[in-house]
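In what follows, a single structure is set out as structure tokens and then discussed.
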Amino acid sequence: MRLFTAFRWFFRILFKGDAAFAELPGAAPKPVFSGSAEPAVQLLGLFQKEGRLLDFLNEDIGSYGDAEVGAAVRDIHRGCRRVLEKHFELRPVLEETEGAAVTLPEDFDRSAVELYGDAGGEGPRNGTVRHRGWYAEEAKLPTIPESADPKVAAPAQVEVGS
Amino acid sequence: MSRFTIGIDLGTTNTALAFVDTEVSPDNPEEAMVATLPIDQVVSSGAVDQLPTLPSAVYIAGGGEVPEGALNLPWRREDHVTAGQFARELGARVPTRYIHSSKSWLCHGGVDREAPILPPNSPEEDAKRSPAEVAAMLLRHLAEAWDHNLAGGDPALALTAQEVTLCVPASFDAGARNLTVAAAERAGFKDLHLLEEPQAALYSWIEATGPRWRKETSPGDLVLVVDVGGGTTDFSLIAVSEEDGALALRRLAVGEHILLGGDNMDLAIAYGLAGQLEQERGVKLDPWQMSALVQQSRMAKEELLLDPRKESYPIAILGRGSAVIGGTIRTELPRQGLDGFLLEGFFPGCAPEDRPARPRRAGFREAGLPYAPDPAVTRHLARFLSMHAGQVKETHPDRVAPDGSLALPTAILFNGGVFKAAPLRQRILDVLTDWSGRHGKDAPRMLGSVDLDLAVARGAAYLGLARRGRGIRIRGGSARSYYIGIESAAPAVPGVQPPIKAMCVVPHGMEEGTSVDIGGKEIDLCIWTGEPASFRFLSSTTRRQDKPGDLANVKPEEFEEHNPIETVLGEGEEEGEGRPAEVDLRAELTEIGVLRLACVERATGKEYQLEFNVRHSDDA
């Protein structure tokens, strides 16, 4: 994915950077691609489409055995993970391994690191990483057709003629 | 000369484009910078992304099944046709409007390849397209994606204005090659060349290896290219020799057209599992579940082949409705099963004397295409290496079994996504090592790997440079010799076809850009003017001794018969006034790689093209 981005930029600079090329006159207007007005619903939709997450969370799993749930979850996990890999660039907030000692500077980002235990005082703090956190470097949701209802998380499926 | 040289791999399942910017490339062609074009395509309803390849799939919307704007491309509005990834997804929903594997139909002599016949067996007449048209559609998509990203409105940079090398299976016959070129011309391409895919793979290896390649090969090497794509299996033998102190490459032989590829393997596993489910548990899968099973079979195959410690791979097909777990069908692919389906089914160990089974077997075949009756790639390989032993003996006598029965390569180059799995490469290597050992020869070595998905396109782009004198070229000429059938004078016997003789019109190895004339007293061809004349048309990949005008007896094991070739002499003359006209023949293999045959009337010197009939003929 990163390689493609690099390529894209390479070409943009190589061929479009000098803006020497005007669009051909008289050409039909190019289509506009726009993101969903309801990105949260769209994200639900992606997890549903790839991993059936909405179906899974809404199903009463109490009546099934662990083996049955386990088997289905493998596929759901694979699909949902695909969504993460495709649309987010995730990395840990802290690069240290969990359990390792860490020193937080005085001005550490309070939104990025939560303190547990003895949180009072000032100055750099020494502690142990319990969870590395997640940082979404980039979140990129696909565009949707202009005519689509943005509140549809998953379309109903109807088999015609059967 | 165009700024870019382009290589296009119009594959059965995936299409790829690679290019070299001749203004950027260094003067040393062995350090050429080949890049691939990430291809814009609709990936989901209303969203476009760039992917390394374009699935060779087309969906023709009937109107009303997707929201408005769902199929738009960055460069134009579109509401009817989509190619690539989203086409595949739509195809899983509505198979009757979905066209895939069209390339396999391009060389299917039993159908009219210019008639709208795809998707086969579909009642949706408006969705139907000809195999040639689908090729043109995919090429047009590439051209649009290229122009959008790279041409910036400059006509001189448009894809169709570049020098383009289009890859075809080595086993494509003249008819299929000509159709491919015609499709590209219809898509607007002007500066075209054809290249055999296994050769492209070797070019890509040379490009990827860099100047080191000269150290990794030496005169006397005999390279076997094993190319198992999504839909076809293609073999070629390429000889390395020394000429004037430099390494030279010559393609000696190509295999027959074998319709057998990675897609068949995934289907084999999926149908095998589906059969078990039905037999053991009475579970019948609907088409939607079946396509999910094919996907999972592919994943199971890859995982098990990648990790030899895994004993099995669990497969779960989630329920169709909103009950995911309740409707889940569970099974697993055990390693033994995979070995059975794949290694023993498609790559079984075998003796060099083994041959592919002839009779058709029932099994995982989609209706219509003449898939190879025997799925064993290794047995096809045994046949290929023995058919061409005689030819190899002339230049590489030490690489032929002492009894002359088998050619034994010194090196193997693998191509095609199937060979991402190391055990499959290993199996082919083991089989060839075994065969070499039986005849007291060294085992072959594996040439370093190429990018198995993009090698063909990359190699073709590289050849563009070589064509400009900046790199080594593989020589070889026509991989087949071609013949017209001449009925011999024999008393008519009801129910018995008179035996035919084959007259060579194109010799094996005829170089591109050359032509031959066949005439004189020895061949006495006479055609009645004013009405269609039709010749039976044959070819051979093994008969190299025939010269133009030579007559040969037709042995079925040496010849393949194609649809007839036709012409009409004396056009414009009044009907019923036909007269016998003596003709000579002219055969030309163009620079593009297209075969042209013509009749030349002796009296007038007028030339009449012999057209390849791509329509089905019952008496062929």
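Every chain in the structure tokens takes a letter, A first, then B, and so on in the order presented; its residues are numbered from 1, and the ligands are numbered from 1 following the presented order.
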
Chain A contacts on chain B, only C-alpha atoms, 8 Å, as a PyMOL selection string: chain B and resi 38+45-48+50+67-70+72-77+149-154+314-318+322-326+328+330

Residue set, chain A restricted to helix (DSSP H, G or I), as a PyMOL selection string: chain A and resi 2-16+39-51+53-58+61-63+66-87

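Of the listed residues B:Leu569, B:Ala253, B:Leu277, B:Leu260, the one whose atoms come nearest to B:Thr232 is B:Leu260, with distances taken using only C-alpha atoms.
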
Residue set, stretch 37-229 of chain B restricted to strand (DSSP E), as a count of residues only: 40

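Taking atom CA of B:Thr217 and atom CA of B:Asp244 as endpoints, the distance between them is 16.6 Å.
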
Spatial neighbours of B:Lys301, 12 Å, only C-alpha atoms, chain gap at least 2 places, as an MDAnalysis selection string: chainID B and resid 262:263 265:270 293:299 303:308 310:315 332:343 418:424

Non-local contacts of B:Pro370 (8 Å; only C-alpha atoms; under 2 positions in same chain excluded) as a ChimeraX atom specification: /B:108,259,368,372

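With only C-alpha atoms as the atoms that count, the residue of A:Gly65, A:Glu38, A:Ala139, A:Val113 with the shortest distance to A:Lys86 is A:Ala139.
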
Atom pair atom CA of B:Ala201 / atom CA of B:Val456: separation (Å):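 Between atom CA of B:Ala201 and atom CA of B:Val456 the gap is 5.0 Å.
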
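Take atom CA of B:Asp403 and atom CA of B:Glu216: the distance between them is 29.3 Å.
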
All residues 7 Å or closer to B:Gly459, only C-alpha atoms, same chain fewer than 5 positions away omitted, as a list in words: Ala200, Ala201, Tyr203 and Ser204 of chain B

Could you turn the residues from that selection into a file that holds C-alpha atoms, as a short mmCIF file (atom, residue, chain, number, x, y, z; two decimals), in the first residue's frame?
```
data_model
loop_
_atom_site.label_atom_id
_atom_site.label_comp_id
_atom_site.auth_asym_id
_atom_site.auth_seq_id
_atom_site.Cartn_x
_atom_site.Cartn_y
_atom_site.Cartn_z
CA ALA B 200 8.45 -12.64 -21.32
CA ALA B 201 9.07 -14.46 -18.04
CA TYR B 203 13.15 -11.43 -20.06
CA SER B 204 11.80 -10.49 -16.66
#
```

Contacts of B:Ser478 at 6 Å (only C-alpha atoms; same-chain gap of 5+ positions) as a list in words: His508, Gly509 and Met510 of chain B

Distance query B:Val594 at most 12 Å, only C-alpha atoms, self and fewer than 4 positions along chain excluded, as a count of residues only: 29

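The shortest atom-to-atom distance to A:Gln42, with only C-alpha atoms taken into account, belongs to A:Pro150 out of A:Gly123, A:Gly79, A:Gly62, A:Pro150.
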